[in-house]
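*Asks:* Below is work_24.pdb; it holds PDB, C-alpha atoms.
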ATOM      1  CA  MET A   1       3.650-118.553 -70.563
ATOM      2  CA  SER A   2       2.212-116.909 -73.680
ATOM      3  CA  GLU A   3      -1.087-115.047 -73.484
ATOM      4  CA  ALA A   4      -2.695-117.467 -75.953
ATOM      5  CA  ARG A   5      -1.691-120.471 -73.937
ATOM      6  CA  LYS A   6      -2.804-118.869 -70.687
ATOM      7  CA  ASN A   7      -6.264-118.157 -72.117
ATOM      8  CA  PHE A   8      -6.484-121.640 -73.591
ATOM      9  CA  ILE A   9      -5.754-123.238 -70.223
ATOM     10  CA  GLU A  10      -8.222-120.942 -68.492
ATOM     11  CA  GLY A  11     -10.884-122.059 -70.964
ATOM     12  CA  VAL A  12     -10.104-125.731 -70.378
ATOM     13  CA  ARG A  13     -10.191-125.169 -66.611
ATOM     14  CA  ALA A  14     -13.580-123.466 -66.794
ATOM     15  CA  GLU A  15     -14.890-126.372 -68.876
ATOM     16  CA  VAL A  16     -13.684-129.223 -66.641
ATOM     17  CA  PRO A  17     -16.535-129.189 -64.107
ATOM     18  CA  ILE A  18     -19.033-128.955 -66.999
ATOM     19  CA  LEU A  19     -17.503-132.055 -68.570
ATOM     20  CA  ILE A  20     -18.565-134.008 -65.525
ATOM     21  CA  GLY A  21     -22.170-133.099 -66.284
ATOM     22  CA  VAL A  22     -21.816-133.742 -70.018
ATOM     23  CA  PHE A  23     -20.062-137.093 -69.816
ATOM     24  CA  PRO A  24     -23.105-139.109 -68.684
ATOM     25  CA  PHE A  25     -25.168-137.287 -71.313
ATOM     26  CA  GLY A  26     -22.753-138.563 -73.994
ATOM     27  CA  LEU A  27     -22.964-142.100 -72.605
ATOM     28  CA  ILE A  28     -26.739-142.000 -72.728
ATOM     29  CA  TYR A  29     -26.702-140.610 -76.268
ATOM     30  CA  GLY A  30     -24.351-143.373 -77.463
ATOM     31  CA  ALA A  31     -26.493-146.079 -75.911
ATOM     32  CA  LEU A  32     -29.750-144.555 -77.155
ATOM     33  CA  ALA A  33     -28.397-144.210 -80.704
ATOM     34  CA  ILE A  34     -27.422-147.884 -80.826
ATOM     35  CA  ASN A  35     -30.725-148.960 -79.311
ATOM     36  CA  SER A  36     -32.534-146.839 -81.920
ATOM     37  CA  GLY A  37     -30.997-148.957 -84.661
ATOM     38  CA  LEU A  38     -28.206-146.640 -85.845
ATOM     39  CA  SER A  39     -24.994-148.340 -86.932
ATOM     40  CA  THR A  40     -21.945-147.924 -84.694
ATOM     41  CA  THR A  41     -20.311-145.693 -87.311
ATOM     42  CA  ALA A  42     -23.367-143.471 -87.744
ATOM     43  CA  ALA A  43     -23.924-143.165 -83.993
ATOM     44  CA  GLN A  44     -20.309-142.165 -83.455
ATOM     45  CA  LEU A  45     -19.958-139.833 -86.443
ATOM     46  CA  MET A  46     -23.162-137.982 -85.611
ATOM     47  CA  SER A  47     -21.279-136.714 -82.560
ATOM     48  CA  SER A  48     -18.675-135.058 -84.767
ATOM     49  CA  ILE A  49     -20.791-134.138 -87.824
ATOM     50  CA  VAL A  50     -23.797-132.678 -86.018
ATOM     51  CA  PHE A  51     -22.102-132.196 -82.632
ATOM     52  CA  ALA A  52     -25.184-130.965 -80.761
ATOM     53  CA  GLY A  53     -26.443-133.065 -77.856
ATOM     54  CA  SER A  54     -30.182-132.504 -77.733
ATOM     55  CA  ALA A  55     -30.530-132.525 -81.542
ATOM     56  CA  GLN A  56     -28.686-135.868 -81.644
ATOM     57  CA  PHE A  57     -31.060-137.348 -79.054
ATOM     58  CA  ILE A  58     -34.116-136.309 -81.004
ATOM     59  CA  THR A  59     -32.640-137.485 -84.305
ATOM     60  CA  ALA A  60     -31.955-140.939 -82.858
ATOM     61  CA  GLN A  61     -35.500-141.026 -81.485
ATOM     62  CA  LEU A  62     -37.010-139.989 -84.838
ATOM     63  CA  PHE A  63     -34.891-142.557 -86.662
ATOM     64  CA  LYS A  64     -36.322-145.267 -84.435
ATOM     65  CA  GLU A  65     -39.842-144.066 -85.224
ATOM     66  CA  GLY A  66     -39.028-144.156 -88.947
ATOM     67  CA  ALA A  67     -39.489-140.426 -89.588
ATOM     68  CA  PRO A  68     -38.718-139.126 -93.106
ATOM     69  CA  ALA A  69     -35.286-137.545 -93.672
ATOM     70  CA  LEU A  70     -36.731-134.090 -94.291
ATOM     71  CA  VAL A  71     -38.581-134.102 -90.965
ATOM     72  CA  MET A  72     -35.390-135.084 -89.176
ATOM     73  CA  ILE A  73     -33.344-132.370 -90.882
ATOM     74  CA  LEU A  74     -35.943-129.698 -90.096
ATOM     75  CA  THR A  75     -36.105-130.888 -86.496
ATOM     76  CA  ILE A  76     -32.343-130.540 -86.149
ATOM     77  CA  ALA A  77     -32.588-127.028 -87.597
ATOM     78  CA  VAL A  78     -35.335-125.917 -85.202
ATOM     79  CA  VAL A  79     -33.818-127.554 -82.120
ATOM     80  CA  ASN A  80     -30.515-125.808 -82.879
ATOM     81  CA  LEU A  81     -32.005-122.377 -83.613
ATOM     82  CA  ARG A  82     -30.741-121.125 -80.263
ATOM     83  CA  HIS A  83     -27.211-121.358 -81.646
ATOM     84  CA  MET A  84     -27.959-118.300 -83.752
ATOM     85  CA  LEU A  85     -28.473-116.420 -80.513
ATOM     86  CA  TYR A  86     -25.132-117.680 -79.242
ATOM     87  CA  SER A  87     -23.522-116.721 -82.529
ATOM     88  CA  ALA A  88     -24.884-113.178 -82.286
ATOM     89  CA  SER A  89     -23.947-112.857 -78.655
ATOM     90  CA  LEU A  90     -20.321-113.937 -79.181
ATOM     91  CA  ALA A  91     -19.890-112.019 -82.442
ATOM     92  CA  PRO A  92     -18.589-108.775 -80.857
ATOM     93  CA  TYR A  93     -15.826-110.688 -79.098
ATOM     94  CA  LEU A  94     -14.721-112.579 -82.194
ATOM     95  CA  LYS A  95     -15.146-109.956 -84.867
ATOM     96  CA  ASP A  96     -11.481-109.241 -85.600
ATOM     97  CA  LEU A  97     -10.487-112.882 -85.998
ATOM     98  CA  SER A  98      -9.522-114.537 -89.282
ATOM     99  CA  ILE A  99     -12.168-116.503 -91.134
ATOM    100  CA  ARG A 100     -10.401-119.747 -90.191
ATOM    101  CA  TRP A 101     -10.769-119.014 -86.511
ATOM    102  CA  LYS A 102     -14.398-118.046 -87.001
ATOM    103  CA  VAL A 103     -15.116-121.335 -88.770
ATOM    104  CA  LEU A 104     -13.331-123.386 -86.136
ATOM    105  CA  LEU A 105     -14.954-121.631 -83.188
ATOM    106  CA  SER A 106     -18.387-121.813 -84.836
ATOM    107  CA  TYR A 107     -18.021-125.556 -85.238
ATOM    108  CA  LEU A 108     -17.176-125.829 -81.537
ATOM    109  CA  LEU A 109     -19.992-123.513 -80.423
ATOM    110  CA  THR A 110     -22.215-125.680 -78.222
ATOM    111  CA  ASP A 111     -24.349-124.799 -75.183
ATOM    112  CA  GLU A 112     -21.628-126.028 -72.891
ATOM    113  CA  ALA A 113     -18.784-124.103 -74.551
ATOM    114  CA  TYR A 114     -20.902-120.975 -74.931
ATOM    115  CA  ALA A 115     -21.990-120.725 -71.291
ATOM    116  CA  PRO A 116     -18.600-120.408 -69.557
ATOM    117  CA  SER A 117     -17.133-118.355 -72.430
ATOM    118  CA  ILE A 118     -19.805-115.674 -72.587
ATOM    119  CA  LEU A 119     -19.846-115.364 -68.798
ATOM    120  CA  HIS A 120     -16.065-114.993 -68.851
ATOM    121  CA  TYR A 121     -16.143-112.416 -71.671
ATOM    122  CA  GLU A 122     -18.878-110.356 -70.042
ATOM    123  CA  LYS A 123     -16.789-110.180 -66.890
ATOM    124  CA  GLU A 124     -13.371-109.607 -68.447
ATOM    125  CA  GLY A 125     -14.304-107.612 -71.538
ATOM    126  CA  LEU A 126     -12.552-107.587 -74.869
ATOM    127  CA  LEU A 127      -8.887-108.557 -74.817
ATOM    128  CA  HIS A 128      -6.331-109.979 -77.204
ATOM    129  CA  PHE A 129      -6.146-113.776 -77.382
ATOM    130  CA  LYS A 130      -9.507-114.130 -75.646
ATOM    131  CA  HIS A 131     -10.692-116.466 -78.401
ATOM    132  CA  TRP A 132      -8.268-119.052 -77.002
ATOM    133  CA  PHE A 133     -10.559-119.298 -73.977
ATOM    134  CA  LEU A 134     -13.518-120.336 -76.140
ATOM    135  CA  PHE A 135     -11.237-122.658 -78.097
ATOM    136  CA  GLY A 136     -10.001-124.302 -74.880
ATOM    137  CA  ALA A 137     -13.541-124.763 -73.584
ATOM    138  CA  GLY A 138     -14.834-125.921 -76.977
ATOM    139  CA  ILE A 139     -12.122-128.426 -77.813
ATOM    140  CA  SER A 140     -12.184-130.059 -74.386
ATOM    141  CA  LEU A 141     -15.942-130.435 -74.660
ATOM    142  CA  TRP A 142     -15.528-131.878 -78.164
ATOM    143  CA  LEU A 143     -13.053-134.508 -77.005
ATOM    144  CA  ASN A 144     -15.221-135.378 -74.016
ATOM    145  CA  TRP A 145     -18.268-135.738 -76.283
ATOM    146  CA  GLN A 146     -16.493-138.061 -78.735
ATOM    147  CA  VAL A 147     -15.130-140.274 -75.955
ATOM    148  CA  SER A 148     -18.375-140.428 -73.966
ATOM    149  CA  THR A 149     -20.309-141.242 -77.160
ATOM    150  CA  ALA A 150     -17.855-144.050 -77.959
ATOM    151  CA  ILE A 151     -18.215-145.570 -74.496
ATOM    152  CA  GLY A 152     -22.008-145.253 -74.687
ATOM    153  CA  VAL A 153     -22.013-146.933 -78.115
ATOM    154  CA  PHE A 154     -19.796-149.685 -76.762
ATOM    155  CA  LEU A 155     -21.848-150.318 -73.631
ATOM    156  CA  GLY A 156     -25.159-149.915 -75.471
ATOM    157  CA  ALA A 157     -28.072-151.541 -73.714
ATOM    158  CA  SER A 158     -26.106-152.287 -70.565
ATOM    159  CA  ILE A 159     -26.471-148.680 -69.359
ATOM    160  CA  PRO A 160     -29.431-148.683 -66.964
ATOM    161  CA  GLU A 161     -32.025-146.068 -67.897
ATOM    162  CA  ASN A 162     -33.352-145.428 -64.428
ATOM    163  CA  LEU A 163     -30.110-144.013 -63.084
ATOM    164  CA  SER A 164     -31.255-140.468 -63.945
ATOM    165  CA  LEU A 165     -27.770-139.548 -65.130
ATOM    166  CA  ASP A 166     -29.324-137.158 -67.637
ATOM    167  CA  PHE A 167     -30.096-134.822 -64.732
ATOM    168  CA  ALA A 168     -26.397-133.899 -64.518
ATOM    169  CA  LEU A 169     -26.764-131.678 -67.580
ATOM    170  CA  PRO A 170     -29.484-129.302 -66.313
ATOM    171  CA  LEU A 171     -27.505-129.186 -63.070
ATOM    172  CA  THR A 172     -24.462-127.830 -64.903
ATOM    173  CA  PHE A 173     -26.640-125.132 -66.463
ATOM    174  CA  ILE A 174     -28.024-124.266 -63.022
ATOM    175  CA  ALA A 175     -24.470-123.997 -61.701
ATOM    176  CA  MET A 176     -23.506-121.623 -64.525
ATOM    177  CA  ILE A 177     -26.496-119.375 -64.583
ATOM    178  CA  VAL A 178     -27.671-118.979 -60.971
ATOM    179  CA  PRO A 179     -24.593-116.996 -59.832
ATOM    180  CA  VAL A 180     -25.248-114.279 -62.468
ATOM    181  CA  MET A 181     -28.777-113.609 -61.168
ATOM    182  CA  LYS A 182     -27.856-110.274 -59.653
ATOM    183  CA  LYS A 183     -29.756-107.546 -61.459
ATOM    184  CA  GLN A 184     -33.513-107.357 -61.657
ATOM    185  CA  PRO A 185     -33.817-107.466 -65.474
ATOM    186  CA  VAL A 186     -31.632-110.582 -65.609
ATOM    187  CA  VAL A 187     -33.782-112.350 -63.015
ATOM    188  CA  ALA A 188     -36.938-111.261 -64.858
ATOM    189  CA  ALA A 189     -35.517-112.544 -68.151
ATOM    190  CA  ALA A 190     -34.743-115.919 -66.556
ATOM    191  CA  LEU A 191     -38.127-116.287 -64.834
ATOM    192  CA  SER A 192     -40.198-115.216 -67.832
ATOM    193  CA  ALA A 193     -38.227-117.503 -70.149
ATOM    194  CA  GLY A 194     -38.623-120.393 -67.701
ATOM    195  CA  ALA A 195     -42.361-119.838 -67.307
ATOM    196  CA  THR A 196     -42.834-119.615 -71.084
ATOM    197  CA  ALA A 197     -40.859-122.820 -71.546
ATOM    198  CA  LEU A 198     -43.284-124.594 -69.195
ATOM    199  CA  LEU A 199     -46.379-123.185 -70.884
ATOM    200  CA  ALA A 200     -45.096-123.876 -74.402
ATOM    201  CA  TYR A 201     -43.563-127.257 -73.645
ATOM    202  CA  SER A 202     -46.071-129.185 -75.721
ATOM    203  CA  LEU A 203     -45.200-127.314 -78.934
ATOM    204  CA  PRO A 204     -43.629-129.618 -81.536
ATOM    205  CA  TYR A 205     -39.890-129.704 -82.378
ATOM    206  CA  LYS A 206     -38.930-128.036 -79.101
ATOM    207  CA  LEU A 207     -40.225-124.764 -80.531
ATOM    208  CA  GLY A 208     -41.147-123.839 -76.966
ATOM    209  CA  LEU A 209     -37.455-123.455 -76.185
ATOM    210  CA  ILE A 210     -36.743-120.775 -78.765
ATOM    211  CA  LEU A 211     -40.048-119.020 -78.035
ATOM    212  CA  ALA A 212     -39.191-118.944 -74.322
ATOM    213  CA  ALA A 213     -35.703-117.623 -75.047
ATOM    214  CA  LEU A 214     -37.119-114.784 -77.141
ATOM    215  CA  VAL A 215     -39.677-113.880 -74.452
ATOM    216  CA  GLY A 216     -36.938-113.779 -71.820
ATOM    217  CA  ILE A 217     -34.654-111.624 -73.962
ATOM    218  CA  LEU A 218     -37.524-109.230 -74.691
ATOM    219  CA  VAL A 219     -38.544-108.935 -71.023
ATOM    220  CA  GLY A 220     -34.956-108.341 -69.911
ATOM    221  CA  THR A 221     -34.296-105.723 -72.565
ATOM    222  CA  LEU A 222     -37.551-103.852 -71.900
ATOM    223  CA  LEU A 223     -36.964-103.782 -68.140
ATOM    224  CA  GLU A 224     -33.408-102.573 -68.607
ATOM    225  CA  GLY A 225     -34.681 -99.797 -70.874
ATOM    226  CA  ARG A 226     -37.231 -98.768 -68.264
ATOM    227  CA  GLU A 227     -34.652 -98.726 -65.484
ATOM    228  CA  ALA A 228     -32.306 -96.632 -67.598
ATOM    229  CA  ALA A 229     -35.151 -94.194 -68.342
ATOM    230  CA  LYS A 230     -35.930 -93.901 -64.617
ATOM    231  CA  GLU A 231     -32.316 -93.172 -63.779
ATOM    232  CA  ALA A 232     -32.153 -90.532 -66.472
ATOM    233  CA  GLN A 233     -35.079 -88.627 -64.921
TER     234      GLN A 233
ATOM    235  CA  MET B   1     -35.468-146.820 -94.350
ATOM    236  CA  THR B   2     -34.407-143.245 -93.831
ATOM    237  CA  ASN B   3     -30.937-142.469 -95.034
ATOM    238  CA  ILE B   4     -29.309-141.346 -91.824
ATOM    239  CA  TRP B   5     -26.200-140.093 -93.640
ATOM    240  CA  VAL B   6     -28.196-137.570 -95.621
ATOM    241  CA  VAL B   7     -29.791-136.407 -92.363
ATOM    242  CA  MET B   8     -26.445-136.120 -90.620
ATOM    243  CA  VAL B   9     -24.713-134.212 -93.417
ATOM    244  CA  PHE B  10     -27.528-131.705 -93.913
ATOM    245  CA  GLY B  11     -28.277-131.484 -90.207
ATOM    246  CA  GLY B  12     -24.594-130.856 -89.562
ATOM    247  CA  LEU B  13     -24.311-128.218 -92.280
ATOM    248  CA  ILE B  14     -27.397-126.381 -91.035
ATOM    249  CA  THR B  15     -26.179-126.512 -87.441
ATOM    250  CA  PHE B  16     -22.778-125.197 -88.439
ATOM    251  CA  GLY B  17     -24.422-122.527 -90.601
ATOM    252  CA  MET B  18     -26.472-121.232 -87.687
ATOM    253  CA  ARG B  19     -23.484-121.200 -85.356
ATOM    254  CA  PHE B  20     -21.398-119.401 -87.973
ATOM    255  CA  SER B  21     -24.125-117.045 -89.276
ATOM    256  CA  LEU B  22     -23.884-114.025 -86.999
ATOM    257  CA  ILE B  23     -20.255-114.467 -86.032
ATOM    258  CA  TYR B  24     -19.649-114.021 -89.754
ATOM    259  CA  LEU B  25     -22.226-111.287 -90.485
ATOM    260  CA  PHE B  26     -21.334-109.150 -87.494
ATOM    261  CA  GLY B  27     -17.732-109.235 -88.625
ATOM    262  CA  LYS B  28     -18.871-107.378 -91.746
ATOM    263  CA  PHE B  29     -21.566-105.101 -90.302
ATOM    264  CA  GLU B  30     -21.868-103.268 -87.011
ATOM    265  CA  ILE B  31     -24.251-104.767 -84.476
ATOM    266  CA  PRO B  32     -27.114-102.358 -83.723
ATOM    267  CA  GLU B  33     -26.897-100.940 -80.182
ATOM    268  CA  THR B  34     -30.345-102.201 -79.056
ATOM    269  CA  MET B  35     -29.504-105.659 -80.274
ATOM    270  CA  LYS B  36     -26.219-105.620 -78.379
ATOM    271  CA  ARG B  37     -28.148-104.853 -75.210
ATOM    272  CA  ALA B  38     -30.714-107.562 -75.920
ATOM    273  CA  LEU B  39     -27.967-110.139 -76.443
ATOM    274  CA  HIS B  40     -26.860-109.837 -72.825
ATOM    275  CA  TYR B  41     -30.070-111.663 -71.942
ATOM    276  CA  VAL B  42     -29.359-114.678 -74.149
ATOM    277  CA  PRO B  43     -27.638-116.767 -71.428
ATOM    278  CA  PRO B  44     -30.203-116.331 -68.626
ATOM    279  CA  ALA B  45     -33.128-116.704 -71.054
ATOM    280  CA  VAL B  46     -31.935-119.759 -72.995
ATOM    281  CA  PHE B  47     -30.558-121.671 -70.027
ATOM    282  CA  SER B  48     -33.651-121.049 -67.898
ATOM    283  CA  ALA B  49     -35.759-122.253 -70.807
ATOM    284  CA  ILE B  50     -33.733-125.473 -70.753
ATOM    285  CA  ILE B  51     -33.676-125.860 -66.948
ATOM    286  CA  PHE B  52     -37.313-125.141 -66.019
ATOM    287  CA  PRO B  53     -38.963-128.068 -67.862
ATOM    288  CA  GLU B  54     -36.290-130.425 -66.492
ATOM    289  CA  ILE B  55     -37.215-129.679 -62.897
ATOM    290  CA  PHE B  56     -40.867-128.574 -62.941
ATOM    291  CA  LEU B  57     -42.304-131.176 -65.335
ATOM    292  CA  SER B  58     -42.513-134.906 -64.977
ATOM    293  CA  GLY B  59     -43.629-136.783 -68.060
ATOM    294  CA  GLY B  60     -44.439-133.465 -69.739
ATOM    295  CA  VAL B  61     -46.881-132.398 -67.009
ATOM    296  CA  LEU B  62     -46.368-129.694 -64.373
ATOM    297  CA  ASN B  63     -45.506-131.369 -61.086
ATOM    298  CA  LEU B  64     -45.031-129.053 -58.116
ATOM    299  CA  SER B  65     -45.519-131.727 -55.465
ATOM    300  CA  LEU B  66     -42.963-133.101 -53.017
ATOM    301  CA  ALA B  67     -43.270-136.349 -54.939
ATOM    302  CA  ASN B  68     -41.240-134.796 -57.767
ATOM    303  CA  PRO B  69     -37.620-135.633 -56.853
ATOM    304  CA  ARG B  70     -36.239-133.506 -59.716
ATOM    305  CA  LEU B  71     -37.994-130.437 -58.356
ATOM    306  CA  LEU B  72     -36.574-130.906 -54.851
ATOM    307  CA  ALA B  73     -33.104-131.728 -56.149
ATOM    308  CA  GLY B  74     -33.232-128.831 -58.614
ATOM    309  CA  LEU B  75     -34.198-126.303 -55.947
ATOM    310  CA  LEU B  76     -31.453-127.578 -53.690
ATOM    311  CA  ALA B  77     -28.996-127.251 -56.572
ATOM    312  CA  ILE B  78     -30.122-123.659 -57.181
ATOM    313  CA  LEU B  79     -29.417-122.796 -53.533
ATOM    314  CA  THR B  80     -26.078-124.582 -53.707
ATOM    315  CA  ALA B  81     -25.123-122.734 -56.900
ATOM    316  CA  TRP B  82     -26.043-119.397 -55.339
ATOM    317  CA  PHE B  83     -24.023-119.885 -52.163
ATOM    318  CA  SER B  84     -21.097-121.987 -53.412
ATOM    319  CA  ARG B  85     -20.707-120.472 -56.926
ATOM    320  CA  ASN B  86     -19.017-123.755 -57.762
ATOM    321  CA  THR B  87     -20.089-125.943 -60.679
ATOM    322  CA  LEU B  88     -18.703-129.218 -59.377
ATOM    323  CA  ILE B  89     -20.245-128.859 -55.915
ATOM    324  CA  THR B  90     -23.594-127.932 -57.478
ATOM    325  CA  ILE B  91     -23.621-131.030 -59.706
ATOM    326  CA  LEU B  92     -22.605-133.328 -56.864
ATOM    327  CA  VAL B  93     -25.179-131.914 -54.423
ATOM    328  CA  GLY B  94     -27.894-132.001 -57.118
ATOM    329  CA  MET B  95     -27.209-135.611 -58.110
ATOM    330  CA  ALA B  96     -26.899-136.765 -54.499
ATOM    331  CA  ALA B  97     -30.186-135.014 -53.678
ATOM    332  CA  LEU B  98     -31.899-136.614 -56.678
ATOM    333  CA  PHE B  99     -30.734-140.105 -55.720
ATOM    334  CA  PHE B 100     -31.807-139.466 -52.115
ATOM    335  CA  PHE B 101     -35.297-138.182 -52.947
ATOM    336  CA  GLN B 102     -35.832-141.002 -55.459
ATOM    337  CA  TRP B 103     -34.712-143.523 -52.866
ATOM    338  CA  ILE B 104     -36.980-142.324 -50.039
ATOM    339  CA  GLN B 105     -39.924-142.432 -52.416
ATOM    340  CA  LEU B 106     -39.386-146.008 -53.517
TER     341      LEU B 106
END
Re-express the file's structure as structure tokens.
*Replies:*
Amino acid sequence: MSEARKNFIEGVRAEVPILIGVFPFGLIYGALAINSGLSTTAAQLMSSIVFAGSAQFITAQLFKEGAPALVMILTIAVVNLRHMLYSASLAPYLKDLSIRWKVLLSYLLTDEAYAPSILHYEKEGLLHFKHWFLFGAGISLWLNWQVSTAIGVFLGASIPENLSLDFALPLTFIAMIVPVMKKQPVVAAALSAGATALLAYSLPYKLGLILAALVGILVGTLLEGREAAKEAQ
Amino acid sequence: MTNIWVVMVFGGLITFGMRFSLIYLFGKFEIPETMKRALHYVPPAVFSAIIFPEIFLSGGVLNLSLANPRLLAGLLAILTAWFSRNTLITILVGMAALFFFQWIQL
């Protein structure tokens, strides 16, 4: 088997359990979009044009409330700010690729494709054909998202809201991130980001999320610097 | 009536632009060393910032009581993730725990 294919399959494999958490999220999005008054076409195409779960939820919600277009666009921008962090964090691993690959992988760069890929890259380091891993994870998530949206759109109001299926998504993030909590600065980054997210939750446009992420990154980096300084002494 | 197509096209372009931005720029320029170090903390920081409100808040308010099924299920999922290191098992245990805690509180 070629190296590219091997990496691609590894990426798909790593993504499969995550798909189980994302699938209900797609169903709920599809149903919510229809119930918010979006047309079937718009609800479905938002999943391929915007392709960003939480931003799509908020957009559907804002549409229902009759928010102006500019407010909705700005909200999408702010809610998706964290993708710049993902972009920066993956950049070293993708830097020698052609522009076509960079465009394709950027389009596929969601929370759920980023998480397994970055964890894999940090463990395995930089190797040839590694971008096929991200591609495998990204494209399987993309397909899953389109299909789950379509089913959600089709079922619409018949999906019961009180099933709490949305909880599957934070659970997948827990499953990804808890096992890497090994070093003190990483744990501190996670806890400080989490605490900030709680304190800043009431900020508009989910600004609390990006603020919390920045606090966590800062705390982790500072602690790591201090530990390195101690070791150097 | 808001034109949803305008929102989707611009929202999509901006989202793509942010995803593409640094993958593109850091192909042209070297990433500063301090920034490289800082970027290692992106996954734990961002994902904790997503997870914490989902389990510690109910209806936007801090809820640390046993009457918060998401908190109990979330903590159980964290333990499961730590010991099993398996995504599927963590999701299944977490969902089962959530259904259970919601059910006993009915």
*Asks:* Record the distance separating atom CA of B:Arg19 and atom CA of A:His83, expressed in Å with one decimal.
*Replies:* 5.3 Å
*Asks:* Rounded to one decimal place, report the atom CA of A:Ile20-atom CA of B:Leu75 distance in Å.
*Replies:*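 Atom CA of A:Ile20 sits 19.9 Å away from atom CA of B:Leu75.
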*Asks:* Any idea what's packed within 6 Å of A:Leu223, counting all atoms listed in the file, ignoring anything in its chain fewer than 3 positions away? Could you give it as a compact mmCIF listing (two decimals) with C-alpha atoms, keeping the file's coordinate frame?
*Replies:*
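Generated file (part_24.txt):
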# COMPACT_ATOMS: atom_id res chain seq x y z
CA PRO A 185 -33.82 -107.47 -65.47
CA GLY A 220 -34.96 -108.34 -69.91
CA ARG A 226 -37.23 -98.77 -68.26
*Asks:* Which residues are near A:Leu155? Cut-off 10 Å, all atoms listed in the file, ignore same chain within fewer than 3 positions. Put them as a ChimeraX atom specification.
*Replies:* /A:27-28,30-31,34,149-152,158-159
*Asks:* Which residue is closest to B:Lys28? Choose from A:Ala43, A:Gln56, A:Ala69, A:Leu94 and count only C-alpha atoms.
*Replies:* A:Leu94
*Asks:* To verify the selection step, state as a VMD selection string which residues the PyMOL selection byres ((chain B and resi 92) around 12) yields on this input.
*Replies:* (chain A and resid 17 to 18 20 to 21 165 167 to 169 171 to 172 175) or (chain B and resid 73 to 74 76 to 77 80 to 81 84 86 to 91 93 to 99)
*Asks:* Go through A:Tyr201, A:Trp142, A:Tyr93, A:Phe57 one by one, measure the shortest atom-to-atom distance of each to B:Lys36 using only C-alpha atoms, and give the residue with the smallest value.
*Replies:*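 Under the stated criterion, the closest residue is A:Tyr93.
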*Asks:* Rank A:Leu105, A:Leu141, A:Val50, A:Ala228 by their smallest atom-to-atom distance to chain B, using all atoms listed in the file, and report the top residue only.
*Replies:* A:Val50
*Asks:* Which residues are near B:Met35? Cut-off 10 Å, only C-alpha atoms, ignore same chain within fewer than 6 positions. Put them as a ChimeraX atom specification.
*Replies:* /A:88-89,221
*Asks:* Excluding B:Ser48 and residues on its chain fewer than 6 positions from it, collect all residues at most 8 Å away from it, counting all atoms listed in the file, and give them as an MDAnalysis selection string.
*Replies:* chainID A and resid 190:191 193:194
*Asks:* I need the output of the PyMOL selection byres ((chain A and resi 54) around 12) for this file as number ranges by chain; which residues are they?
*Replies:* A: 22, 25-26, 28-29, 46-47, 50-53, 55-61, 75-82, 110-112, 166, 169-170, 205-206, 209; B: 50
*Asks:* Which of these, B:Gly60, B:Phe101, B:Ala45, B:Leu79, has the shortest distance to A:Val187 once you count only C-alpha atoms?
*Replies:*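 Of B:Gly60, B:Phe101, B:Ala45, B:Leu79, the one nearest A:Val187 is B:Ala45, counting only C-alpha atoms.
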*Asks:* To test your reading of the syntax: which residues would the PyMOL selection byres ((chain A and resi 87) around 8) return for the file shown? Reply as an MDAnalysis selection string.
*Replies:* (chainID A and resid 83:86 88:91 106 109) or (chainID B and resid 18:23)
*Asks:* Would you compute the distance between atom CA of A:Gly216 and atom CA of A:Lys123? Give it in Å to one decimal.
*Replies:* 21.1 Å
*Asks:* Could you add N, CA and C atoms to stretch 75-84 of chain B and give me the result as a tab-separated table (two decimals), keeping the file's coordinate frame?
*Replies:*
chain	number	residue	atom	x	y	z
B	75	LEU	N	-34.17	-127.46	-56.84
B	75	LEU	CA	-34.20	-126.30	-55.95
B	75	LEU	C	-32.98	-126.30	-55.02
B	76	LEU	N	-32.64	-127.47	-54.54
B	76	LEU	CA	-31.45	-127.58	-53.69
B	76	LEU	C	-30.19	-127.19	-54.47
B	77	ALA	N	-30.15	-127.60	-55.73
B	77	ALA	CA	-29.00	-127.25	-56.57
B	77	ALA	C	-28.93	-125.74	-56.81
B	78	ILE	N	-30.09	-125.11	-56.97
B	78	ILE	CA	-30.12	-123.66	-57.18
B	78	ILE	C	-29.54	-122.94	-55.95
B	79	LEU	N	-29.97	-123.37	-54.77
B	79	LEU	CA	-29.42	-122.80	-53.53
B	79	LEU	C	-27.91	-123.03	-53.44
B	80	THR	N	-27.51	-124.25	-53.77
B	80	THR	CA	-26.08	-124.58	-53.71
B	80	THR	C	-25.28	-123.72	-54.68
B	81	ALA	N	-25.82	-123.54	-55.89
B	81	ALA	CA	-25.12	-122.73	-56.90
B	81	ALA	C	-24.99	-121.29	-56.41
B	82	TRP	N	-26.04	-120.79	-55.80
B	82	TRP	CA	-26.04	-119.40	-55.34
B	82	TRP	C	-24.99	-119.17	-54.25
B	83	PHE	N	-24.93	-120.09	-53.30
B	83	PHE	CA	-24.02	-119.88	-52.16
B	83	PHE	C	-22.60	-120.37	-52.45
B	84	SER	N	-22.46	-121.47	-53.19
B	84	SER	CA	-21.10	-121.99	-53.41
B	84	SER	C	-20.43	-121.35	-54.63
